[in-house]
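Here the structure is laid out as structure tokens; the discussion comes afterwards.
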Amino acid sequence: MQALATGGQQGYLRIATEEAFITPQVLDGYRRLVAQGYDDPGFESLWGFYSTSDADRPTFIRDGLLDMGAQRIAHMDAAGIDRAIIALTAPGTHVFDRDEAVALTIDANDQLAQACLAHPDRFVGMTAIAPQDPAFCAREIERGAAMGMKAVILNGHVRDEYTDDPKFWPIFEAAEALDQPIYLHPQGPSRHLIQPFLERGLDGAIFGFGVDTGLHLLRLIVMGVFDRFPKLKLVVGHGGEALPYWAFRLDYMHAAGIRSQRYPILQPLKLTISEYLRRNIYVTFSGMPWEPAVKFCRDTLGADRIMYAMDYPYQYQPQEVAAMDALALEPAEKKAFFQGNAEHVFNL
Ligand code: 1DF
Ligand code: MN
């Protein structure tokens, strides 16, 4: 693989927006939970494998997640990535008891902020949170912003609870107030959803991640999170976790359900679901460097809502960068895709 130029020779910087890391302490915690037989099938499937297997892929991924220096930068250089927006990998600290989660979260944010300070032109950090304690999250989002973090990572459901429950809304309130976008990242499907996926090896990034995350985002929308927090920016990966493709039917069936008052829990919203997608949601193409998907989201959401991501180290494919450079988009749209939209959304 020949190294691609970085530094904007192609007319834009390349900013990768869904890049992952782990601290040794969180990895040790995962190993302990796995060894104890922690009762969460999605976590067991994911980290039972990645934290213990010595096959090539999990070994590469563990090394890549742990390295916040020379190796990560060398891999970015080889792929032509100028800046990486980095977050604690899934499921973050959501799987720990409250006190341990808070301690590991603070420590992870300290370590990430340090690495970003050491490489200010290459790394941008997202603040990790422990949604088991929403009041802590609000304080930590503020501390993260003061340390230079540009977003908040929400690693999916919280021990099978989704964050449309109003008890979690202090997280959204703090993020909106500080203009910190929330990146809603997948993990394995929650307990009541996972079994049919698990039976066929479909619970991971192949499909289960996207189903759980698309569902999570849809739950936020129908419960009125974006009416209560109209300026909240929420980022999802993987081409929007399928919701853009569903937008027509979501609008039709949601309106039909509201009109006929089918579900007492559902109150009328100010906008249609697709209007929230175009007002509050930004979509990255982590793991989905695929022109038809990018163009579909450009056409349905707008050229200002789509961003490049690599999903390092899970999907480190340096050659995908050249394929994305060749996207049949207008030059201004391509610059927005690789650089401008990320600068705007993350306030870089
Ligand atoms: C995988 C993929 C794992 C993604 C991830 O975090 C992740 C995987 C634990 O392949 O198991 O972030 N991804 O976003 O596609
Ligand atoms: Mn990811």
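By order in the structure tokens, chains are A, B, ...; within a chain, residues start at 1; ligands start at 1, following the order shown.
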(request) Produce as a list in words the set of residues near ligand 2, where near means within 8 Å with only C-alpha atoms and all ligand atoms considered. (result) Glu18, Glu19, Ala20, Thr89, Ala90, His185, Pro186, Gly237, Ser286, Gly287, Asp311, Tyr312 and Tyr314 of chain A
Create the file for the chosen residues now, containing C-alpha atoms and written as an mmCIF file, in the first residue's frame.
data_model
loop_
_atom_site.group_PDB
_atom_site.id
_atom_site.type_symbol
_atom_site.label_atom_id
_atom_site.label_comp_id
_atom_site.auth_asym_id
_atom_site.auth_seq_id
_atom_site.Cartn_x
_atom_site.Cartn_y
_atom_site.Cartn_z
ATOM 1 C CA GLU A 18 -15.532 7.321 14.412
ATOM 2 C CA GLU A 19 -12.156 6.103 15.604
ATOM 3 C CA ALA A 20 -11.784 3.983 18.730
ATOM 4 C CA THR A 89 -14.647 1.834 22.293
ATOM 5 C CA ALA A 90 -17.981 0.089 22.807
ATOM 6 C CA HIS A 185 -22.253 4.346 18.798
ATOM 7 C CA PRO A 186 -23.393 0.714 18.607
ATOM 8 C CA GLY A 237 -22.313 5.940 12.032
ATOM 9 C CA SER A 286 -17.792 4.219 9.289
ATOM 10 C CA GLY A 287 -17.629 0.686 7.976
ATOM 11 C CA ASP A 311 -13.749 2.930 12.310
ATOM 12 C CA TYR A 312 -10.099 2.340 13.156
ATOM 13 C CA TYR A 314 -12.027 -2.362 13.573
#
(request) Skip Asn341 in chain A itself and residues of its chain fewer than 5 positions away, then list as a VMD selection string all residues within 8 Å of it, counting only C-alpha atoms. (result) chain A and resid 304 to 307 336
Can you write just those residues out, C-alpha atoms, as a PDB file, in the first residue's frame?
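Saved the output as result_34.pdb:
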ATOM      1  CA  ASP A 304     -24.086  18.999   4.848  1.00  0.00           C
ATOM      2  CA  ARG A 305     -24.967  15.951   7.006  1.00  0.00           C
ATOM      3  CA  ILE A 306     -22.612  13.226   5.752  1.00  0.00           C
ATOM      4  CA  MET A 307     -19.069  12.581   7.013  1.00  0.00           C
ATOM      5  CA  ALA A 336     -17.630  18.845   3.032  1.00  0.00           C
TER       6      ALA A 336
END
(message) So that I can check the surroundings of Asn347 in chain A, please list as a PyMOL selection string every protein, DNA and RNA residue that reaches within 9 Å of it, counting only C-alpha atoms and ignoring chain neighbours fewer than 5 positions away.
(response) chain A and resi 150-151+179-180+342
(request) Around ligand 1, at most 10 Å away and counting only C-alpha atoms and all ligand atoms, which residues are there? Put them as a ChimeraX atom specification, please. (result) /A:18-22,43,45-47,49-50,57-58,61,65,87-92,155,185-188,203-207,209-210,236-238,285-288,309-315
(message) Give me, as an MDAnalysis selection string, the residues of range 71-255 of chain A that a backbone DSSP run labels alpha helix (DSSP H).
(response) chainID A and resid 71:79 98:118 134:146 169:177 191:198 208:222 225:228 238:241 243:255
(message) Can you pull out the residues contacting Lys167 in chain A? Cut-off 12 Å, using only C-alpha atoms, and skip same-chain residues under 6 positions away; I want them as a list in words.
(response) Pro131, Gln132, Asp133, Pro134, Ala135, Cys137, Val158, Glu161, Glu173 and Val225 of chain A
Please produce a file of those selected residues containing C-alpha atoms, as a tab-separated table (two decimals), in the first residue's frame.
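What follows is the written file selection39.tsv:
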chain	number	residue	atom	x	y	z
A	131	PRO	CA	-24.94	6.97	31.95
A	132	GLN	CA	-25.61	4.89	35.08
A	133	ASP	CA	-25.17	8.30	36.77
A	134	PRO	CA	-26.70	11.04	34.58
A	135	ALA	CA	-25.77	13.86	36.96
A	137	CYS	CA	-22.37	12.71	33.01
A	158	VAL	CA	-27.06	1.15	29.29
A	161	GLU	CA	-31.93	0.54	29.09
A	173	GLU	CA	-29.31	18.88	28.33
A	225	VAL	CA	-35.90	14.27	22.78
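The nearest approach to Gly214 in chain A among the residues A:Arg228, A:Arg31, A:His157, A:Arg139, with only C-alpha atoms taken into account, belongs to A:His157.
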(request) Run DSSP on the backbone and give me the residues of range 92-277 of chain A it puts in strand (DSSP E), as a ChimeraX atom specification. (result) /A:123-128,151-154,182-184,234-236
(request) Go ahead and compute the interatomic distance for CA of Ala242 in chain A and CA of Ala323 in chain A, in Å to one decimal. (result) 21.6 Å
